[in-house]
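Following: one structure in structure tokens, then a few remarks.
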Amino acid sequence: MIRTVGLVRFRPGDSDACYVRKSYGAHNNTCCNTANSKQRLHDCIGQADGRSCRPSLEALFSWHPTVMTFVCMLMIYEGIGLFSPKNGLLDGKSHETKRNTHSFVNLLGAYGIFWGFTIVTMAKFQHNITHFASLHSTLGACAGGFTLFQGLGGLATRFQKLSPVTPKNMKFGHALCGVFQYLFTCLAFITGISTDYMTIKTTPLIQIILISLPMIAFGTSSPRLLNRLLSMVLKPK
């Protein structure tokens, strides 16, 4: 009996590693039917006899959602919330303290995002999988691009004397990139829950909980970002 998930067909003899591999659209669907335990999956690429195996796609790829969830739903979110005038973690602290902590937390967040992208890129290159073939990966790339621009804008605001752009415009651009960056991040997170990998590895209840995280995060952080943008636009010269 052949079963189908999405557009991928699976046969009873396919190993668990083959199941994960096919779920992510690998071009070479040669799978070894040797006995692979769930504790140590192997993905046999181009070897019909099953003697030459590489570490499974799942073993490497599983770090991508783990790192991205921690970074985007906690560190970047808290980096935004540090400037909240009320109920922030640094409530009552000076603006300089908030700005330095904001820079440090977001720097760590950017570092985590870099490794999240690196992990999924390595996994796809290693297993010959098409890049940016899904809505999730496209939105993730947009989020990564805005993260880069936001980081450059943050550096420009820290070293204002070296930039020809006025401080007001630099801060406005930094905040505007932040809005789009977190919007695309949350959209990428939501679409990632519906991928074959997450569908296989999580239950419907866990999926509902994970989908609610970016909705809550963007719903509570976007008013702070929008208020900051409006205050910059409406602020008298």
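Order determines the names: the first chain of the structure tokens is A, the second B, and so forth; residues in each chain are numbered 1 upward, and ligands are numbered 1 upward as they are shown.
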Next on the checklist: Can you tell me which residues surround Ala156 (chain A) at a distance of at most 9 Å, considering only C-alpha atoms, apart from same-chain residues fewer than 4 positions away, and format the answer as a ChimeraX atom specification?
Outcome noted: /A:151-152,160-163,165,167,170-171,174
Item to check | Residue contacts of Thr147 (chain A) (8 Å, only C-alpha atoms) excluding same-chain residues fewer than 3 positions away, as an NGL selection string | outcome: :A and (110 or 143-144 or 150-151 or 177-178 or 181)
Writer output for current selection, all heavy atoms, as a short mmCIF file (atom, residue, chain, number, x, y, z; two decimals), in the first residue's frame:
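File produced: again.cif:
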data_model
loop_
_atom_site.label_atom_id
_atom_site.label_comp_id
_atom_site.auth_asym_id
_atom_site.auth_seq_id
_atom_site.Cartn_x
_atom_site.Cartn_y
_atom_site.Cartn_z
N ALA A 110 20.22 38.04 16.69
CA ALA A 110 20.71 37.99 15.31
C ALA A 110 21.71 36.85 15.12
O ALA A 110 21.73 36.19 14.07
CB ALA A 110 21.34 39.33 14.92
N ALA A 143 12.26 37.78 6.20
CA ALA A 143 12.54 38.14 7.59
C ALA A 143 14.03 38.30 7.82
O ALA A 143 14.48 39.22 8.52
CB ALA A 143 11.97 37.08 8.54
N GLY A 144 14.83 37.41 7.22
CA GLY A 144 16.28 37.52 7.35
C GLY A 144 16.82 38.79 6.72
O GLY A 144 17.72 39.43 7.27
N GLN A 150 17.69 45.94 9.63
CA GLN A 150 17.43 46.47 10.96
C GLN A 150 18.71 46.55 11.78
O GLN A 150 18.93 47.52 12.52
CB GLN A 150 16.40 45.59 11.67
CG GLN A 150 15.97 46.15 13.03
CD GLN A 150 15.23 45.12 13.86
OE1 GLN A 150 15.41 43.92 13.68
NE2 GLN A 150 14.41 45.59 14.80
N GLY A 151 19.55 45.53 11.65
CA GLY A 151 20.82 45.55 12.37
C GLY A 151 21.72 46.67 11.90
O GLY A 151 22.37 47.35 12.71
N CYS A 177 11.99 49.02 9.87
CA CYS A 177 12.52 47.69 9.54
C CYS A 177 12.16 46.68 10.62
O CYS A 177 11.91 45.50 10.33
CB CYS A 177 14.03 47.74 9.35
SG CYS A 177 14.56 48.45 7.78
N GLY A 178 12.12 47.15 11.87
CA GLY A 178 11.75 46.26 12.97
C GLY A 178 10.33 45.75 12.85
O GLY A 178 10.05 44.59 13.14
N GLN A 181 10.33 43.29 9.95
CA GLN A 181 11.12 42.11 10.32
C GLN A 181 10.32 41.17 11.21
O GLN A 181 10.28 39.96 10.97
CB GLN A 181 12.41 42.55 11.03
CG GLN A 181 13.36 41.41 11.38
CD GLN A 181 13.18 40.90 12.81
OE1 GLN A 181 12.56 41.55 13.63
NE2 GLN A 181 13.72 39.73 13.09
#
Next on the checklist: Env of region 76-78 of chain A: 12 Å cut, atoms = only C-alpha atoms, seq-sep filter 2 positions within chain, self excluded. Answer as number ranges by chain.
Outcome noted: A: 68-74, 80-84, 87-90, 98, 101-113, 147, 150-151, 178-179, 181-183, 185-186, 213-222, 224-225
Could you please take those selected residues and save C-alpha atoms as a short mmCIF file (atom, residue, chain, number, x, y, z; two decimals), in the first residue's frame?
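What follows is the written file selection_6.cif:
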data_model
loop_
_atom_site.label_atom_id
_atom_site.label_comp_id
_atom_site.auth_asym_id
_atom_site.auth_seq_id
_atom_site.Cartn_x
_atom_site.Cartn_y
_atom_site.Cartn_z
CA MET A 68 14.37 29.85 15.66
CA THR A 69 11.56 29.37 18.19
CA PHE A 70 13.80 30.32 21.12
CA VAL A 71 15.37 33.29 19.35
CA CYS A 72 12.33 34.81 17.63
CA MET A 73 9.67 34.13 20.23
CA LEU A 74 11.78 35.03 23.26
CA ILE A 80 11.48 44.94 21.59
CA GLY A 81 9.73 44.96 24.95
CA LEU A 82 12.69 46.49 26.79
CA PHE A 83 11.65 49.94 25.61
CA SER A 84 8.15 49.60 27.01
CA ASN A 87 5.68 46.61 32.58
CA GLY A 88 9.06 46.19 30.88
CA LEU A 89 11.89 44.12 32.34
CA LEU A 90 13.91 47.31 32.82
CA LYS A 98 17.62 50.10 28.05
CA THR A 101 20.50 45.96 26.85
CA HIS A 102 18.33 46.18 23.74
CA SER A 103 21.44 46.13 21.54
CA PHE A 104 22.95 43.19 23.42
CA VAL A 105 19.79 41.06 23.38
CA ASN A 106 19.11 41.73 19.71
CA LEU A 107 22.74 41.02 18.85
CA LEU A 108 22.40 37.60 20.49
CA GLY A 109 19.10 37.16 18.66
CA ALA A 110 20.71 37.99 15.31
CA TYR A 111 23.48 35.52 16.08
CA GLY A 112 20.89 32.82 16.78
CA ILE A 113 19.00 33.65 13.56
CA THR A 147 16.85 41.56 10.13
CA GLN A 150 17.43 46.47 10.96
CA GLY A 151 20.82 45.55 12.37
CA GLY A 178 11.75 46.26 12.97
CA VAL A 179 8.01 46.23 12.24
CA GLN A 181 11.12 42.11 10.32
CA TYR A 182 8.93 40.86 13.13
CA LEU A 183 5.87 40.67 10.86
CA THR A 185 9.20 36.45 11.28
CA CYS A 186 5.78 35.68 12.76
CA LEU A 213 2.85 32.14 20.04
CA PRO A 214 3.61 34.45 17.08
CA MET A 215 0.07 35.86 17.16
CA ILE A 216 0.48 36.83 20.80
CA ALA A 217 4.03 38.06 20.23
CA PHE A 218 3.19 40.29 17.27
CA GLY A 219 -0.07 41.44 18.83
CA THR A 220 1.69 42.66 21.96
CA SER A 221 4.87 44.01 20.32
CA SER A 222 3.46 45.74 17.24
CA ARG A 224 4.95 49.46 20.83
CA LEU A 225 6.69 49.62 17.45
#
Checklist outcome for this item: Between CA of Pro65 (chain A) and CA of Lys201 (chain A) lies a distance of 11.4 Å
Checklist entry - When you draw a straight line from CA of Thr118 (chain A) to CA of Phe149 (chain A), how long is it in Å? => result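 That distance, rounded to one decimal, is 18.4 Å.
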Checklist entry - Quick one, how far is CA of Thr157 (chain A) from CA of Leu176 (chain A)? => result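 Those two atoms sit 13.4 Å apart.
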Next on the checklist: Considering only C-alpha atoms, can you say which of A:Phe125, A:Phe172, A:Phe184, A:Trp115 comes closest to Ala141 (chain A)?
Outcome noted: A:Phe184
